[in-house]
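Chemist: Sending over a structure as structure tokens; questions will come in a sec.
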Amino acid sequence: MENRNNVTEFVLLGLTQNPEVQKTLFIAFFIIYISTMVGNILIILTVIRSKSLRSPMYFFLAFLSLMDALYSTAIVPKMILDMLHEKATISFQACMVQLFFEHLFGGAEVFLLVFMAYDRYVAICKPLYYLVIMRWHVCVLLLVASWIGGFMHSLVQLLFIVSLPFCGPNVIDNFFCDMYPLLELSCTDTYIIGISVVANGGVICTIIFSLLLISYAVILNSLKTQTLDGRQKALSTCISHITVIVFFFVPCIFLYDRPVCTFPIDKSLSVFYTIITPLLNPLIYTLRNTEMKNAMRKLWNRNMMSSCKVMDVLAK
């Protein structure tokens, strides 16, 4: 690989070359990243510490928050720091590492969303068999499967890139390393690899997105037999899940389900699914979920009471 490469680093053009706009974006994305981390970590801690959130749904939700936090961390801190420099660069090795981890966490999240949809299908359509089907060892196996799926997807993407020669241009018109910008910089024909990337990324996302929409349509149709209270609760949960998958899958399908090429709008869409979506997920799941809000409120009150007791002891 080293003998075929003259490129040791890539130049990232980022979202803009305007220094004043970069300062504004630095503040905005810094706040978004901190909010993303706080929101997702809060969900994880709430699920871990709340006895009322012991169902498989919240088990998967906690790991979805973990994946969102890791996915955001693979991209956003580097992007924020680059906004403080006139010229943003990333070494070839660091670029490959970023590429691997962003697809690892993103791919694992795709599979996890499928298993979350399956969990909701069993809970709503087969409630009497729910505890039998969604046993804890089954949930753990599904979680492991999602990580394995993400790893295999990411490994294939990485092998595609590291097998290519980079001997000339090294400017990436984006704020992070991704497949299509790197394929365009390669000094060899990437048509076949481009088709493989579409199959490994875009086509899989399209198929899974379609299956998820069909599954939620079946779930929503089955709500006719539910009680009013059960219907409202299930509907709230399904709407939250559908919102998440639309925000996540639609930009990915547009970016990866096409021949190797880049468009100016790609950077804006990348911002949406790499930065905005990980922030929206905790907001969607907390604001639309009464059980989660109540658990957070109880956890907050318990911590406040513990803090007050500690202060009283110290005061004495």
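The chains in the structure tokens are called A, B, ... from first to last as shown; in each chain the residues are counted from 1, and the ligands are counted from 1 in the order shown.
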From a DSSP pass on the backbone, collect the residues of range 7-202 of chain A flagged as strand (DSSP E or B) and hand them back as an MDAnalysis selection string.

Modeler: chainID A and resid 9:12 88:91 171:172

Chemist: How would the residues just picked look written out with N, CA and C atoms as an mmCIF file, in the first residue's frame?

Modeler:
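Resulting contents of again_28.cif:
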data_model
loop_
_atom_site.group_PDB
_atom_site.id
_atom_site.type_symbol
_atom_site.label_atom_id
_atom_site.label_comp_id
_atom_site.auth_asym_id
_atom_site.auth_seq_id
_atom_site.Cartn_x
_atom_site.Cartn_y
_atom_site.Cartn_z
ATOM 1 N N GLU A 9 -1.133 12.736 3.578
ATOM 2 C CA GLU A 9 -2.187 13.431 4.306
ATOM 3 C C GLU A 9 -3.203 13.994 3.320
ATOM 4 N N PHE A 10 -4.378 14.282 3.853
ATOM 5 C CA PHE A 10 -5.447 14.887 3.053
ATOM 6 C C PHE A 10 -5.776 16.268 3.626
ATOM 7 N N VAL A 11 -6.142 17.173 2.742
ATOM 8 C CA VAL A 11 -6.599 18.510 3.139
ATOM 9 C C VAL A 11 -8.120 18.503 3.148
ATOM 10 N N LEU A 12 -8.706 18.881 4.278
ATOM 11 C CA LEU A 12 -10.164 18.939 4.420
ATOM 12 C C LEU A 12 -10.622 20.377 4.249
ATOM 13 N N ALA A 88 -6.959 22.796 7.349
ATOM 14 C CA ALA A 88 -7.260 21.568 8.081
ATOM 15 C C ALA A 88 -6.717 20.377 7.317
ATOM 16 N N THR A 89 -5.926 19.558 7.991
ATOM 17 C CA THR A 89 -5.374 18.361 7.369
ATOM 18 C C THR A 89 -5.621 17.151 8.256
ATOM 19 N N ILE A 90 -5.538 15.977 7.652
ATOM 20 C CA ILE A 90 -5.640 14.718 8.380
ATOM 21 C C ILE A 90 -4.700 13.726 7.713
ATOM 22 N N SER A 91 -3.927 13.015 8.511
ATOM 23 C CA SER A 91 -2.985 12.061 7.947
ATOM 24 C C SER A 91 -3.728 10.904 7.286
ATOM 25 N N VAL A 171 -7.070 16.828 -1.835
ATOM 26 C CA VAL A 171 -8.013 17.779 -1.242
ATOM 27 C C VAL A 171 -9.407 17.160 -1.210
ATOM 28 N N ILE A 172 -9.960 17.050 -0.003
ATOM 29 C CA ILE A 172 -11.306 16.499 0.191
ATOM 30 C C ILE A 172 -12.268 17.657 0.454
#

Chemist: Identify all residues of range 55-180 of chain A in helix (DSSP H, G or I) (DSSP on the backbone) and supply them as JSON, numbers by chain.

Modeler: {"A": [56, 57, 58, 59, 60, 61, 62, 63, 64, 65, 66, 67, 68, 69, 70, 71, 72, 73, 76, 77, 78, 79, 80, 81, 82, 92, 93, 94, 95, 96, 97, 98, 99, 100, 101, 102, 103, 104, 105, 106, 107, 108, 109, 110, 111, 112, 113, 114, 115, 116, 117, 118, 119, 120, 121, 122, 123, 124, 125, 127, 128, 129, 130, 131, 132, 133, 136, 137, 138, 139, 140, 141, 142, 143, 144, 145, 146, 147, 148, 149, 150, 151, 152, 153, 154, 155, 156, 157, 158, 159, 160, 161, 162, 179, 180]}

Chemist: Would you pick out the contacts of Val122 in chain A at 12 Å or less, using only C-alpha atoms, so that residues sharing its chain but fewer than 4 positions from it are not included, and give the list as a PyMOL selection string?

Modeler: chain A and resi 56-57+115-118+126-135+215-216+218-219+222+234

Chemist: Can I get the selected residues back with N, CA, C and O atoms, as a JSON list (two decimals), in the first residue's frame?

Modeler:
[["chain", "number", "residue", "atom", "x", "y", "z"],
["A", 56, "PRO", "N", -36.71, -4.80, 27.24],
["A", 56, "PRO", "CA", -35.78, -4.82, 26.09],
["A", 56, "PRO", "C", -35.75, -3.52, 25.31],
["A", 56, "PRO", "O", -34.70, -3.14, 24.78],
["A", 57, "MET", "N", -36.89, -2.82, 25.22],
["A", 57, "MET", "CA", -36.93, -1.57, 24.46],
["A", 57, "MET", "C", -35.91, -0.57, 24.99],
["A", 57, "MET", "O", -35.19, 0.07, 24.22],
["A", 115, "PHE", "N", -33.51, -4.26, 14.83],
["A", 115, "PHE", "CA", -33.88, -5.08, 15.98],
["A", 115, "PHE", "C", -34.85, -4.34, 16.91],
["A", 115, "PHE", "O", -35.70, -4.96, 17.55],
["A", 116, "MET", "N", -34.73, -3.01, 16.97],
["A", 116, "MET", "CA", -35.67, -2.23, 17.77],
["A", 116, "MET", "C", -37.07, -2.30, 17.15],
["A", 116, "MET", "O", -38.07, -2.36, 17.86],
["A", 117, "ALA", "N", -37.12, -2.29, 15.81],
["A", 117, "ALA", "CA", -38.41, -2.42, 15.14],
["A", 117, "ALA", "C", -39.01, -3.80, 15.39],
["A", 117, "ALA", "O", -40.22, -3.94, 15.61],
["A", 118, "TYR", "N", -38.17, -4.83, 15.39],
["A", 118, "TYR", "CA", -38.63, -6.19, 15.67],
["A", 118, "TYR", "C", -39.16, -6.28, 17.10],
["A", 118, "TYR", "O", -40.21, -6.89, 17.36],
["A", 126, "LYS", "N", -47.66, -9.30, 19.28],
["A", 126, "LYS", "CA", -47.67, -10.58, 19.99],
["A", 126, "LYS", "C", -47.37, -10.36, 21.48],
["A", 126, "LYS", "O", -46.40, -10.91, 22.01],
["A", 127, "PRO", "N", -48.20, -9.57, 22.15],
["A", 127, "PRO", "CA", -47.90, -9.20, 23.54],
["A", 127, "PRO", "C", -47.85, -10.37, 24.51],
["A", 127, "PRO", "O", -47.06, -10.36, 25.46],
["A", 128, "LEU", "N", -48.66, -11.41, 24.27],
["A", 128, "LEU", "CA", -48.68, -12.57, 25.17],
["A", 128, "LEU", "C", -47.39, -13.39, 25.09],
["A", 128, "LEU", "O", -47.05, -14.11, 26.04],
["A", 129, "TYR", "N", -46.68, -13.28, 23.97],
["A", 129, "TYR", "CA", -45.45, -14.05, 23.78],
["A", 129, "TYR", "C", -44.20, -13.17, 23.91],
["A", 129, "TYR", "O", -43.09, -13.65, 23.68],
["A", 130, "TYR", "N", -44.41, -11.91, 24.27],
["A", 130, "TYR", "CA", -43.29, -10.96, 24.28],
["A", 130, "TYR", "C", -42.14, -11.41, 25.17],
["A", 130, "TYR", "O", -40.99, -11.46, 24.75],
["A", 131, "LEU", "N", -42.45, -11.76, 26.43],
["A", 131, "LEU", "CA", -41.40, -12.14, 27.36],
["A", 131, "LEU", "C", -40.75, -13.47, 26.99],
["A", 131, "LEU", "O", -39.60, -13.74, 27.37],
["A", 132, "VAL", "N", -41.47, -14.29, 26.25],
["A", 132, "VAL", "CA", -40.90, -15.56, 25.80],
["A", 132, "VAL", "C", -39.95, -15.34, 24.62],
["A", 132, "VAL", "O", -38.86, -15.91, 24.56],
["A", 133, "ILE", "N", -40.39, -14.50, 23.67],
["A", 133, "ILE", "CA", -39.58, -14.25, 22.47],
["A", 133, "ILE", "C", -38.39, -13.35, 22.77],
["A", 133, "ILE", "O", -37.25, -13.66, 22.40],
["A", 134, "MET", "N", -38.64, -12.25, 23.46],
["A", 134, "MET", "CA", -37.59, -11.26, 23.72],
["A", 134, "MET", "C", -36.95, -11.52, 25.09],
["A", 134, "MET", "O", -36.91, -10.64, 25.96],
["A", 135, "ARG", "N", -36.42, -12.72, 25.27],
["A", 135, "ARG", "CA", -35.69, -13.02, 26.49],
["A", 135, "ARG", "C", -34.34, -12.29, 26.47],
["A", 135, "ARG", "O", -33.86, -11.89, 25.41],
["A", 215, "SER", "N", -42.61, -2.79, 8.27],
["A", 215, "SER", "CA", -42.85, -3.35, 9.60],
["A", 215, "SER", "C", -43.65, -2.39, 10.48],
["A", 215, "SER", "O", -44.56, -2.82, 11.20],
["A", 216, "TYR", "N", -43.32, -1.11, 10.40],
["A", 216, "TYR", "CA", -44.07, -0.15, 11.22],
["A", 216, "TYR", "C", -45.48, 0.07, 10.68],
["A", 216, "TYR", "O", -46.39, 0.37, 11.45],
["A", 218, "VAL", "N", -47.26, -2.39, 9.43],
["A", 218, "VAL", "CA", -47.96, -3.55, 10.00],
["A", 218, "VAL", "C", -48.29, -3.30, 11.47],
["A", 218, "VAL", "O", -49.40, -3.59, 11.94],
["A", 219, "ILE", "N", -47.33, -2.73, 12.20],
["A", 219, "ILE", "CA", -47.55, -2.44, 13.62],
["A", 219, "ILE", "C", -48.69, -1.43, 13.80],
["A", 219, "ILE", "O", -49.59, -1.62, 14.62],
["A", 222, "SER", "N", -52.03, -2.89, 13.24],
["A", 222, "SER", "CA", -52.48, -3.78, 14.32],
["A", 222, "SER", "C", -53.00, -3.01, 15.54],
["A", 222, "SER", "O", -53.62, -3.61, 16.42],
["A", 234, "ALA", "N", -48.44, 2.96, 22.25],
["A", 234, "ALA", "CA", -47.75, 2.29, 21.14],
["A", 234, "ALA", "C", -47.53, 3.25, 19.98],
["A", 234, "ALA", "O", -46.47, 3.25, 19.34]]

Chemist: What are the closest atom pairs, with distances in Å to one decimal, for each residue of range 151-213 of chain A lying within 12 Å of range 267-270 of chain A, using only C-alpha atoms, rows by chain and rising residue number, as a Markdown table?

Modeler:
| residue | atom | partner | partner_atom | distance |
| --- | --- | --- | --- | --- |
| A:Ile172 | CA | A:Lys267 | CA | 11.1 |
| A:Asp173 | CA | A:Lys267 | CA | 8.3 |
| A:Asn174 | CA | A:Lys267 | CA | 6.1 |
| A:Phe175 | CA | A:Lys267 | CA | 7.6 |
| A:Phe176 | CA | A:Ser270 | CA | 9.3 |
| A:Cys177 | CA | A:Ser270 | CA | 11.1 |
| A:Asp178 | CA | A:Ser270 | CA | 9.9 |
| A:Tyr180 | CA | A:Lys267 | CA | 11.9 |
| A:Pro181 | CA | A:Lys267 | CA | 10.8 |

Chemist: Could you pull the residues within 10 Å of Leu84 in chain A, counting only C-alpha atoms, minus those fewer than 3 positions along the same chain, as a list in words?

Modeler: Pro19, Gln22, Lys23, Phe26, Met79, Ile80, Leu81, Lys87 and Ala88 of chain A

Chemist: Taking only C-alpha atoms into account, name the residue in A:Phe160, A:Trp147, A:Phe29, A:Tyr256 that is nearest to Phe272 in chain A.

Modeler: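 Result for the nearest residue to Phe272 in chain A: A:Phe29.
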
Chemist: Give the answer as one residue: which of A:Asn281, A:Ile242, A:Asp82, A:His153 has the shortest atom-to-atom distance to Ile214 in chain A, using only C-alpha atoms?

Modeler: A:Ile242

Chemist: Under the rule of at most 10 Å, produce a per-residue listing of range 210-314 of chain A near range 30-38 of chain A: chain, number, name, the closest pair of atoms, and the distance in Å, as a tab-separated table, using only C-alpha atoms.

Modeler:
residue	atom	partner	partner_atom	distance
A:Ile275	CA	A:Tyr33	CA	7.4
A:Ile276	CA	A:Ile32	CA	7.7
A:Thr277	CA	A:Thr36	CA	9.2
A:Pro278	CA	A:Thr36	CA	6.3
A:Leu279	CA	A:Thr36	CA	4.5
A:Leu280	CA	A:Thr36	CA	8.1
A:Asn281	CA	A:Thr36	CA	8.8
A:Pro282	CA	A:Thr36	CA	7.8
A:Leu283	CA	A:Thr36	CA	9.3

Chemist: Write out as a PyMOL selection string each polymer residue whose atoms come within 12 Å of Ile284 in chain A, counting only C-alpha atoms; drop sequence neighbours fewer than 3 positions from it.

Modeler: chain A and resi 39-40+43+61+65+236-245+247+277-281+287-290+292-293

Chemist: Write the residues you've just listed into a file as an mmCIF file, in the first residue's frame, and include N, CA, C and O atoms for each of them.

Modeler:
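Output file part24.cif follows:
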data_model
loop_
_atom_site.group_PDB
_atom_site.id
_atom_site.type_symbol
_atom_site.label_atom_id
_atom_site.label_comp_id
_atom_site.auth_asym_id
_atom_site.auth_seq_id
_atom_site.Cartn_x
_atom_site.Cartn_y
_atom_site.Cartn_z
ATOM 1 N N GLY A 39 -27.036 14.509 26.404
ATOM 2 C CA GLY A 39 -28.340 13.877 26.201
ATOM 3 C C GLY A 39 -28.256 12.368 26.120
ATOM 4 O O GLY A 39 -29.029 11.650 26.770
ATOM 5 N N ASN A 40 -27.304 11.859 25.344
ATOM 6 C CA ASN A 40 -27.180 10.416 25.191
ATOM 7 C C ASN A 40 -26.655 9.741 26.451
ATOM 8 O O ASN A 40 -27.111 8.653 26.819
ATOM 9 N N ILE A 43 -29.491 9.445 28.920
ATOM 10 C CA ILE A 43 -30.380 8.309 28.620
ATOM 11 C C ILE A 43 -29.751 7.003 29.100
ATOM 12 O O ILE A 43 -30.419 6.165 29.731
ATOM 13 N N LEU A 61 -32.503 1.003 23.529
ATOM 14 C CA LEU A 61 -32.418 2.462 23.481
ATOM 15 C C LEU A 61 -31.117 2.956 24.103
ATOM 16 O O LEU A 61 -30.484 3.893 23.585
ATOM 17 N N SER A 65 -28.198 5.089 22.126
ATOM 18 C CA SER A 65 -27.582 6.323 22.615
ATOM 19 C C SER A 65 -26.064 6.197 22.658
ATOM 20 O O SER A 65 -25.341 7.145 22.327
ATOM 21 N N SER A 236 -47.183 6.521 20.141
ATOM 22 C CA SER A 236 -46.131 7.459 20.513
ATOM 23 C C SER A 236 -44.756 6.842 20.306
ATOM 24 O O SER A 236 -43.845 7.475 19.758
ATOM 25 N N THR A 237 -44.613 5.577 20.731
ATOM 26 C CA THR A 237 -43.332 4.885 20.576
ATOM 27 C C THR A 237 -42.989 4.692 19.108
ATOM 28 O O THR A 237 -41.858 4.948 18.671
ATOM 29 N N CYS A 238 -43.963 4.264 18.311
ATOM 30 C CA CYS A 238 -43.717 4.010 16.882
ATOM 31 C C CYS A 238 -43.370 5.290 16.131
ATOM 32 O O CYS A 238 -42.490 5.285 15.270
ATOM 33 N N ILE A 239 -44.057 6.367 16.457
ATOM 34 C CA ILE A 239 -43.761 7.644 15.797
ATOM 35 C C ILE A 239 -42.329 8.072 16.096
ATOM 36 O O ILE A 239 -41.615 8.576 15.219
ATOM 37 N N SER A 240 -41.885 7.860 17.346
ATOM 38 C CA SER A 240 -40.505 8.186 17.712
ATOM 39 C C SER A 240 -39.526 7.378 16.883
ATOM 40 O O SER A 240 -38.554 7.924 16.326
ATOM 41 N N HIS A 241 -39.765 6.074 16.779
ATOM 42 C CA HIS A 241 -38.870 5.204 16.020
ATOM 43 C C HIS A 241 -38.871 5.569 14.535
ATOM 44 O O HIS A 241 -37.809 5.612 13.897
ATOM 45 N N ILE A 242 -40.039 5.837 13.977
ATOM 46 C CA ILE A 242 -40.138 6.182 12.555
ATOM 47 C C ILE A 242 -39.399 7.490 12.268
ATOM 48 O O ILE A 242 -38.705 7.621 11.252
ATOM 49 N N THR A 243 -39.533 8.460 13.161
ATOM 50 C CA THR A 243 -38.833 9.736 12.999
ATOM 51 C C THR A 243 -37.326 9.520 12.954
ATOM 52 O O THR A 243 -36.623 10.096 12.110
ATOM 53 N N VAL A 244 -36.833 8.675 13.855
ATOM 54 C CA VAL A 244 -35.394 8.399 13.914
ATOM 55 C C VAL A 244 -34.910 7.758 12.617
ATOM 56 O O VAL A 244 -33.893 8.179 12.040
ATOM 57 N N ILE A 245 -35.633 6.740 12.137
ATOM 58 C CA ILE A 245 -35.155 6.031 10.951
ATOM 59 C C ILE A 245 -35.244 6.902 9.698
ATOM 60 O O ILE A 245 -34.401 6.792 8.805
ATOM 61 N N PHE A 247 -34.856 10.265 9.642
ATOM 62 C CA PHE A 247 -33.731 11.197 9.750
ATOM 63 C C PHE A 247 -32.404 10.519 9.421
ATOM 64 O O PHE A 247 -31.509 11.140 8.840
ATOM 65 N N THR A 277 -28.638 14.389 13.735
ATOM 66 C CA THR A 277 -29.406 13.202 14.117
ATOM 67 C C THR A 277 -29.002 12.633 15.473
ATOM 68 O O THR A 277 -29.872 12.300 16.280
ATOM 69 N N PRO A 278 -27.698 12.500 15.797
ATOM 70 C CA PRO A 278 -27.346 12.019 17.142
ATOM 71 C C PRO A 278 -27.850 12.918 18.270
ATOM 72 O O PRO A 278 -28.037 12.459 19.394
ATOM 73 N N LEU A 279 -28.071 14.209 17.963
ATOM 74 C CA LEU A 279 -28.652 15.116 18.952
ATOM 75 C C LEU A 279 -30.161 14.943 19.048
ATOM 76 O O LEU A 279 -30.741 14.992 20.142
ATOM 77 N N LEU A 280 -30.812 14.729 17.910
ATOM 78 C CA LEU A 280 -32.271 14.613 17.878
ATOM 79 C C LEU A 280 -32.758 13.326 18.537
ATOM 80 O O LEU A 280 -33.830 13.312 19.146
ATOM 81 N N ASN A 281 -31.984 12.249 18.419
ATOM 82 C CA ASN A 281 -32.421 10.966 18.977
ATOM 83 C C ASN A 281 -32.772 11.039 20.464
ATOM 84 O O ASN A 281 -33.858 10.622 20.866
ATOM 85 N N LEU A 287 -38.702 13.315 24.907
ATOM 86 C CA LEU A 287 -39.857 14.198 24.868
ATOM 87 C C LEU A 287 -41.152 13.456 24.540
ATOM 88 O O LEU A 287 -42.235 13.869 24.943
ATOM 89 N N ARG A 288 -41.051 12.341 23.818
ATOM 90 C CA ARG A 288 -42.245 11.597 23.414
ATOM 91 C C ARG A 288 -42.478 10.348 24.268
ATOM 92 O O ARG A 288 -43.393 9.581 23.996
ATOM 93 N N ASN A 289 -41.638 10.127 25.272
ATOM 94 C CA ASN A 289 -41.735 8.913 26.075
ATOM 95 C C ASN A 289 -41.998 9.285 27.532
ATOM 96 O O ASN A 289 -41.110 9.777 28.235
ATOM 97 N N THR A 290 -43.212 9.020 27.986
ATOM 98 C CA THR A 290 -43.601 9.388 29.351
ATOM 99 C C THR A 290 -42.798 8.620 30.385
ATOM 100 O O THR A 290 -42.376 9.192 31.401
ATOM 101 N N MET A 292 -39.783 7.405 30.144
ATOM 102 C CA MET A 292 -38.419 7.928 30.207
ATOM 103 C C MET A 292 -38.375 9.256 30.953
ATOM 104 O O MET A 292 -37.490 9.489 31.793
ATOM 105 N N LYS A 293 -39.332 10.130 30.684
ATOM 106 C CA LYS A 293 -39.367 11.423 31.369
ATOM 107 C C LYS A 293 -39.586 11.242 32.867
ATOM 108 O O LYS A 293 -38.943 11.908 33.682
#

Chemist: Show which residues sit within 8 Å of Gly194 in chain A, as a list in words. Count only C-alpha atoms, and ignore same-chain residues fewer than 2 positions away.

Modeler: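 Once the adjacent positions are removed, what remains is Leu183, Thr190, Tyr191, Ile192, Ser196, Val197, Val198, Pro259 and Val260 of chain A.
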
Chemist: Next, dump the selected residues to file, keeping only C-alpha atoms, as a CSV table (one decimal), in the first residue's frame.

Modeler:
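Just written: selection_28.csv:
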chain,number,residue,atom,x,y,z
A,183,LEU,CA,-12.7,7.2,-4.3
A,190,THR,CA,-12.9,3.0,-9.3
A,191,TYR,CA,-16.1,2.0,-11.2
A,192,ILE,CA,-16.2,-1.6,-10.0
A,196,SER,CA,-19.5,-2.6,-4.6
A,197,VAL,CA,-19.8,0.4,-2.3
A,198,VAL,CA,-23.3,1.1,-3.5
A,259,PRO,CA,-22.6,6.0,-8.7
A,260,VAL,CA,-19.3,7.5,-7.4

Chemist: Tell me which of A:Val162, A:Ile265, A:Ile193, A:Val250 sits closest to Gln93 in chain A, counting only C-alpha atoms.

Modeler: A:Val162

Chemist: Between A:Ile41, A:Val156, A:Ile27, A:Cys187, which is the closest to Pro169 in chain A once you count only C-alpha atoms?

Modeler: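 Residue with the minimum atom-to-atom distance to Pro169 in chain A: A:Cys187.
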